[in-house]
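A.B. asks: Quick one: the structure is below, questions incoming.
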Amino acid sequence: MDEDKFAALLGHAALKVWSELPRDAQEMLFAAAVNDGVIANTLAVYLHDRHPRTAHPPKPTALA
């Protein structure tokens, strides 16, 4: 089996369990999958449409 087939298998698996992954794992996978803002936005919309439960609240920020 070649690398593209393994990548496709892992990609399909990640999509299946995306909403069950911890936020930090989602963020790491997302960052590894995209390399520019255009595809990042398209992927984000797709993931939120497919898995509405992934709509996490924003990360807390440091108090000023």
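Residue numbering restarts at 1 in every chain; chains get A, B, ... in the order shown in the structure tokens, and ligands count up from 1 in that same order.
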Within 12 Å of Trp18 (chain A), counting only C-alpha atoms, which residues show up once you throw out same-chain ones fewer than 6 positions away? Write them as a PyMOL selection string, please.
C.D. replies: chain A and resi 10-12+24-30+44+46-48+50-55
